[in-house]
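**Q** Contents of data.tsv (TSV, C-alpha atoms) are given next:
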```tsv
chain	number	residue	atom	x	y	z
S	1	PHE	CA	32.03	0.91	-11.28
S	2	SER	CA	31.71	4.67	-11.02
S	3	LEU	CA	29.48	7.28	-12.58
S	4	PRO	CA	30.37	10.85	-13.52
S	5	THR	CA	29.90	13.03	-10.45
S	6	GLN	CA	27.93	15.71	-12.23
S	7	THR	CA	25.59	13.13	-13.77
S	8	CYS	CA	24.76	11.73	-10.37
S	9	LEU	CA	24.29	15.14	-8.79
S	10	ASN	CA	21.82	16.11	-11.49
S	11	ALA	CA	19.79	13.00	-10.74
S	12	LEU	CA	19.87	13.14	-6.96
S	13	PRO	CA	16.34	13.36	-5.55
S	14	VAL	CA	17.50	13.39	-1.94
S	15	VAL	CA	20.38	14.33	0.31
S	16	GLN	CA	20.61	13.31	3.95
S	17	ASN	CA	16.84	13.20	4.38
S	18	SER	CA	16.06	10.47	1.89
S	19	ILE	CA	12.58	9.00	1.97
S	20	LEU	CA	12.60	7.59	-1.53
S	21	THR	CA	13.97	4.12	-0.96
S	22	VAL	CA	12.26	2.80	2.12
S	23	ALA	CA	11.88	-0.75	0.88
S	24	ASN	CA	8.70	-2.54	1.88
S	25	SER	CA	8.62	-1.23	5.43
S	26	PRO	CA	5.72	-2.45	7.57
S	27	THR	CA	6.02	0.68	9.70
S	28	VAL	CA	4.73	3.04	7.02
S	29	ALA	CA	1.11	2.89	8.13
S	30	ALA	CA	2.06	3.43	11.76
S	31	GLN	CA	4.12	6.59	11.30
S	32	GLN	CA	2.45	9.95	11.79
S	33	ALA	CA	2.20	11.92	8.58
S	34	ILE	CA	3.16	15.55	8.20
S	35	PRO	CA	-0.07	17.58	8.50
S	36	ILE	CA	-0.93	20.22	5.95
S	37	THR	CA	-1.23	22.81	8.70
S	38	HIS	CA	2.41	22.27	9.68
S	39	PHE	CA	3.61	24.61	6.98
S	40	GLU	CA	3.31	28.21	8.10
S	41	LYS	CA	6.06	30.65	7.22
S	42	HIS	CA	7.22	33.47	9.46
S	43	ASN	CA	9.70	36.21	8.81
S	44	ALA	CA	12.59	37.22	11.09
S	45	LYS	CA	10.20	39.23	13.28
S	46	GLY	CA	7.93	36.27	13.82
S	47	GLN	CA	5.22	37.67	11.58
S	48	ARG	CA	3.28	35.18	9.54
S	49	MET	CA	3.97	35.36	5.81
S	50	THR	CA	0.85	34.95	3.69
S	51	GLU	CA	2.12	35.51	0.15
S	52	THR	CA	1.88	32.27	-1.81
S	53	THR	CA	3.11	31.60	-5.32
S	54	ALA	CA	1.41	28.92	-7.39
S	55	SER	CA	1.94	27.56	-10.86
S	56	LEU	CA	1.11	24.63	-13.04
S	57	LEU	CA	4.19	22.39	-13.36
S	58	PRO	CA	4.16	21.14	-16.98
S	59	TYR	CA	7.20	18.92	-16.45
S	60	LEU	CA	5.24	16.67	-14.06
S	61	GLY	CA	2.46	14.27	-15.01
S	62	VAL	CA	0.19	11.60	-13.53
S	63	LEU	CA	0.06	7.86	-14.17
S	64	LYS	CA	-3.20	6.48	-12.79
S	65	VAL	CA	-3.34	2.89	-11.52
S	66	SER	CA	-6.76	1.37	-10.83
S	67	GLY	CA	-8.13	-2.10	-10.17
S	68	ASP	CA	-8.43	-4.40	-7.16
S	69	ASP	CA	-4.77	-5.45	-7.31
S	70	ARG	CA	-3.32	-1.97	-7.84
S	71	ALA	CA	-1.54	-1.79	-4.48
S	72	SER	CA	-0.02	-5.28	-4.52
S	73	CYS	CA	1.06	-4.85	-8.13
S	74	LEU	CA	2.93	-1.62	-7.38
S	75	HIS	CA	4.19	-2.94	-4.05
S	76	ASN	CA	6.10	-5.63	-5.95
S	77	GLN	CA	7.69	-3.12	-8.32
S	78	LEU	CA	8.34	0.12	-6.42
S	79	SER	CA	10.80	0.80	-3.61
S	80	ASN	CA	8.30	1.81	-0.94
S	81	ASP	CA	5.55	0.04	1.00
S	82	ILE	CA	2.51	0.59	-1.21
S	83	ASN	CA	0.43	-2.14	0.45
S	84	ASN	CA	0.38	-0.13	3.69
S	85	LEU	CA	-0.09	3.32	2.16
S	86	PRO	CA	-3.36	4.60	3.70
S	87	ALA	CA	-6.00	6.48	1.75
S	88	SER	CA	-5.52	10.27	1.66
S	89	HIS	CA	-1.76	9.89	2.05
S	90	ALA	CA	1.23	9.89	-0.26
S	91	CYS	CA	4.79	8.59	-0.15
S	92	TYR	CA	7.98	8.92	-2.15
S	93	ALA	CA	9.20	5.92	-4.15
S	94	THR	CA	11.56	4.97	-6.94
S	95	TYR	CA	11.18	2.57	-9.83
S	96	ASN	CA	14.41	0.71	-10.49
S	97	THR	CA	15.72	-1.48	-13.29
S	98	PRO	CA	16.81	-5.07	-12.54
S	99	LYS	CA	20.37	-3.73	-12.32
S	100	GLY	CA	19.30	-1.31	-9.60
S	101	ARG	CA	19.45	1.87	-11.67
S	102	VAL	CA	16.74	4.42	-10.89
S	103	MET	CA	14.42	4.74	-13.85
S	104	ALA	CA	12.13	7.28	-12.15
S	105	ASN	CA	11.33	8.78	-8.78
S	106	MET	CA	7.78	9.65	-7.90
S	107	LEU	CA	5.12	10.53	-5.37
S	108	VAL	CA	2.49	7.82	-4.93
S	109	LEU	CA	-0.89	9.24	-3.88
S	110	ASN	CA	-3.61	6.95	-2.56
S	111	THR	CA	-6.93	8.61	-3.42
S	112	GLY	CA	-8.89	5.73	-1.94
S	113	ASP	CA	-10.14	4.26	-5.22
S	114	GLU	CA	-6.94	4.72	-7.25
S	115	LEU	CA	-3.21	5.20	-6.94
S	116	TRP	CA	-1.75	8.22	-8.74
S	117	LEU	CA	1.95	8.13	-9.60
S	118	ILE	CA	3.26	11.68	-9.91
S	119	MET	CA	6.54	11.80	-11.81
S	120	SER	CA	8.39	13.50	-14.62
S	121	ALA	CA	6.00	13.70	-17.56
S	122	ASP	CA	8.65	12.53	-20.03
S	123	LEU	CA	9.05	9.23	-18.16
S	124	ILE	CA	5.41	8.21	-17.73
S	125	ASP	CA	5.01	6.24	-20.95
S	126	ALA	CA	8.28	4.36	-20.41
S	127	VAL	CA	7.40	3.54	-16.80
S	128	ALA	CA	3.88	2.46	-17.74
S	129	LYS	CA	5.19	0.22	-20.51
S	130	ARG	CA	7.57	-1.53	-18.17
S	131	LEU	CA	5.04	-1.87	-15.33
S	132	ARG	CA	2.52	-3.47	-17.71
S	133	MET	CA	5.04	-6.26	-18.33
S	134	PHE	CA	4.48	-7.42	-14.75
S	135	VAL	CA	0.73	-6.93	-14.44
S	136	MET	CA	-0.01	-10.33	-16.06
S	137	ARG	CA	-3.25	-11.61	-14.50
S	138	SER	CA	-3.39	-8.95	-11.81
S	139	LYS	CA	-6.42	-6.70	-11.77
S	140	ALA	CA	-4.54	-3.46	-12.38
S	141	VAL	CA	-4.95	-0.91	-15.15
S	142	LEU	CA	-2.35	1.77	-15.88
S	143	GLU	CA	-3.30	4.96	-17.72
S	144	ASN	CA	-1.39	8.13	-18.50
S	145	VAL	CA	-3.94	10.79	-17.53
S	146	SER	CA	-1.68	13.81	-17.92
S	147	ASP	CA	-3.96	15.13	-20.66
S	148	ARG	CA	-6.63	15.88	-18.05
S	149	LEU	CA	-4.90	15.72	-14.65
S	150	GLY	CA	-2.13	18.13	-13.83
S	151	VAL	CA	0.28	19.00	-11.06
S	152	ALA	CA	0.78	22.47	-9.61
S	153	SER	CA	2.97	24.01	-6.93
S	154	SER	CA	2.00	26.08	-3.91
S	155	LEU	CA	4.82	27.77	-2.06
S	156	ILE	CA	5.40	30.70	0.27
S	157	PRO	CA	8.78	32.05	-0.86
S	158	THR	CA	11.35	32.90	1.77
S	159	ASP	CA	15.02	33.86	1.76
S	160	GLU	CA	15.69	31.37	4.54
S	161	ASP	CA	16.00	27.61	4.10
S	162	TYR	CA	13.30	25.48	5.65
S	163	ASP	CA	14.59	23.08	8.30
S	164	LEU	CA	13.89	19.55	7.11
S	165	PRO	CA	12.60	17.04	9.68
S	166	ALA	CA	15.32	15.29	11.70
S	167	GLU	CA	13.85	11.98	10.53
S	168	PRO	CA	12.34	11.83	7.04
S	169	PRO	CA	8.60	11.07	7.16
S	170	LEU	CA	7.39	7.89	5.50
S	171	LEU	CA	3.88	9.29	5.09
S	172	LEU	CA	2.77	12.59	3.60
S	173	ASN	CA	-0.66	13.99	4.39
S	174	ALA	CA	-3.00	14.62	1.46
S	175	GLU	CA	-6.25	16.53	1.60
S	176	ILE	CA	-8.85	17.04	-1.12
S	177	ASN	CA	-10.52	20.41	-1.50
S	178	ASN	CA	-12.85	21.28	-4.39
S	179	GLY	CA	-11.62	18.27	-6.31
S	180	ILE	CA	-7.94	19.14	-5.92
S	181	TRP	CA	-5.56	17.01	-3.86
S	182	HIS	CA	-3.05	18.93	-1.73
S	183	ILE	CA	0.06	16.98	-0.67
S	184	ALA	CA	2.20	18.51	2.10
S	185	LEU	CA	5.87	17.88	1.33
S	186	PRO	CA	8.75	17.72	3.83
S	187	HIS	CA	10.36	20.91	2.46
S	188	ALA	CA	7.25	23.03	3.22
S	189	GLY	CA	5.91	23.14	-0.31
S	190	VAL	CA	2.54	21.73	-1.33
S	191	LEU	CA	1.82	19.84	-4.53
S	192	CYS	CA	-1.69	20.25	-5.93
S	193	VAL	CA	-3.02	17.50	-8.19
S	194	GLY	CA	-6.30	17.48	-10.04
S	195	GLU	CA	-8.18	18.49	-13.17
S	196	LEU	CA	-6.13	20.83	-15.32
S	197	ALA	CA	-8.96	23.34	-15.58
S	198	ALA	CA	-9.10	23.71	-11.79
S	199	LEU	CA	-5.36	24.26	-11.29
S	200	PRO	CA	-3.55	27.62	-11.43
S	201	ALA	CA	-2.15	28.69	-14.78
S	202	HIS	CA	1.50	28.24	-15.58
S	203	ASN	CA	3.67	31.02	-14.18
S	204	GLU	CA	7.30	30.86	-15.27
S	205	LYS	CA	8.66	32.77	-12.28
S	206	ALA	CA	6.68	30.67	-9.77
S	207	GLU	CA	7.81	27.46	-11.48
S	208	LEU	CA	11.46	28.53	-11.27
S	209	GLN	CA	11.00	29.40	-7.59
S	210	TRP	CA	9.55	25.93	-6.98
S	211	ARG	CA	12.33	24.16	-8.84
S	212	SER	CA	15.00	26.11	-6.98
S	213	HIS	CA	13.27	25.43	-3.67
S	214	GLU	CA	13.15	21.68	-4.28
S	215	ILE	CA	16.76	21.48	-5.45
S	216	ASN	CA	18.01	23.57	-2.52
S	217	HIS	CA	16.33	21.14	-0.12
S	218	GLY	CA	17.48	18.00	-1.90
S	219	TYR	CA	14.30	17.04	-3.77
S	220	PRO	CA	14.84	17.37	-7.53
S	221	TRP	CA	13.19	15.00	-10.00
S	222	VAL	CA	14.72	12.28	-12.16
S	223	ARG	CA	13.85	13.01	-15.78
S	224	ALA	CA	14.38	11.26	-19.12
S	225	ALA	CA	17.75	12.98	-19.58
S	226	ASN	CA	19.21	11.43	-16.42
S	227	SER	CA	17.08	8.32	-16.00
S	228	GLU	CA	19.09	5.17	-15.14
S	229	THR	CA	22.28	7.14	-14.48
S	230	CYS	CA	22.43	6.28	-10.75
S	231	VAL	CA	21.74	3.26	-8.63
S	232	ALA	CA	19.31	3.54	-5.73
S	233	GLN	CA	22.07	3.48	-3.11
S	234	MET	CA	23.43	6.75	-4.51
S	235	LEU	CA	20.19	8.49	-3.60
S	236	ASN	CA	20.77	8.14	0.16
```
Output the file's structure as structure tokens, nothing else.
**A**
Amino acid sequence: FSLPTQTCLNALPVVQNSILTVANSPTVAAQQAIPITHFEKHNAKGQRMTETTASLLPYLGVLKVSGDDRASCLHNQLSNDINNLPASHACYATYNTPKGRVMANMLVLNTGDELWLIMSADLIDAVAKRLRMFVMRSKAVLENVSDRLGVASSLIPTDEDYDLPAEPPLLLNAEINNGIWHIALPHAGVLCVGELAALPAHNEKAELQWRSHEINHGYPWVRAANSETCVAQMLN
């Protein structure tokens, strides 16, 4: 079968540097993660750029998964190797229907005690409902905590494209500072996740800069409007 080209393009969360559908790879824990300090911007004269734009991203939310079986439960449902995701690290993953269509793409953050699934806010309830179908006797509790935990962007704008890694990283470094988790992404942006009161306020211009930056580097988000319009193989 075939899908409308524009529909698929709108849903694409990756281009040639896909790290969303690394299925159950035992090498995840062994690969070196991108450090937060990797992302320094310089202008054409080699001068360090220090201006950073930040904004709350209202279109993203957090699904918290707790319990002793949280990792194994998600490992059996998501496309990446959650069992071997170390604490203070994150990874990209997708959640697919039995027919292979991508319901949602997400960042999975291991805080040590919990797993936070960062995804489009308008998909969280649908994803949680479906995941709960497979919890059964597992010790795993899913909770939409977007009413108190938020997601914000941190980006140093530049007119030049950031060179993506030659090989997409399986692990993303995450550091906690003053209660806020900072996840270094492959395209040089940083996602900040934590209590809404501690995050920067929403700034429309900064949000648009972040969205444009992610799309230009092949990292847009699947949302309710284009959920289940592509199969996982189309994301590579």
**Q** Around all listed atoms of region 177-180 of chain S, padded 5 Å per side, what centre and edge lengths does the axis-aligned box have in Å to one decimal, as AutoDock Vina command-line options?
**A**
```
--center_x -10.4 --center_y 19.8 --center_z -3.9 --size_x 14.9 --size_y 13.0 --size_z 14.8
```
**Q** Each residue of region 142-180 of chain S lying at most 7 Å from region 74-88 of chain S should get a row with its shortest atom-to-atom pair and the distance in Å to one decimal, counting only C-alpha atoms; could you produce that, ordered by chain and increasing number, as a tab-separated table?
**A**
```
residue	atom	partner	partner_atom	distance
S:Asn173	CA	S:Ser88	CA	6.7
S:Ala174	CA	S:Ser88	CA	5.0
S:Glu175	CA	S:Ser88	CA	6.3
```
**Q** When you draw a straight line from CA of Val62 (chain S) to CA of Ala104 (chain S), how long is it in Å?
**A**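 Between CA of Val62 (chain S) and CA of Ala104 (chain S) the gap is 12.8 Å.
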**Q** So which one's closest to Glu195 (chain S), S:Val108, S:Leu56, S:Met136, S:Cys73? Using only C-alpha atoms, please.
**A**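 Ranking S:Val108, S:Leu56, S:Met136, S:Cys73 by distance to Glu195 (chain S), first place goes to S:Leu56.
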**Q** Looking at only C-alpha atoms, which of S:Ala121, S:Asn203, S:His182, S:Asn216 is the one that sits closest to Asp163 (chain S)?
**A** S:Asn216
**Q** Using only C-alpha atoms, which residue out of S:His217, S:Arg211, S:Lys129, S:Arg137 lies closest to Pro165 (chain S)?
**A**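 Ranked by minimum distance to Pro165 (chain S), first place goes to S:His217.
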**Q** Do a neighbour search on Leu109 (chain S) at 6 Å with all atoms listed in the file, toss out local chain neighbours closer than 6 positions, and write the hits as a list in words.
**A**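 Within the cut-off, the hits are Ala90, Leu115 and Trp116 of chain S.
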**Q** Please report the interatomic distance between CA of Ala224 (chain S) and CA of Pro98 (chain S) in Å with one decimal.
**A**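 Going from CA of Ala224 (chain S) over to CA of Pro98 (chain S), I get 17.8 Å.
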**Q** Which distance in Å separates CA of Trp210 (chain S) and CA of Thr111 (chain S), to one decimal?
**A** 24.2 Å
**Q** Using all atoms listed in the file, determine which residues lie at most 12 Å from Asn178 (chain S), disregarding the query and same-chain residues fewer than 6 positions distant; provide the list as an MDAnalysis selection string.
**A** chainID S and resid 192:195 198:199
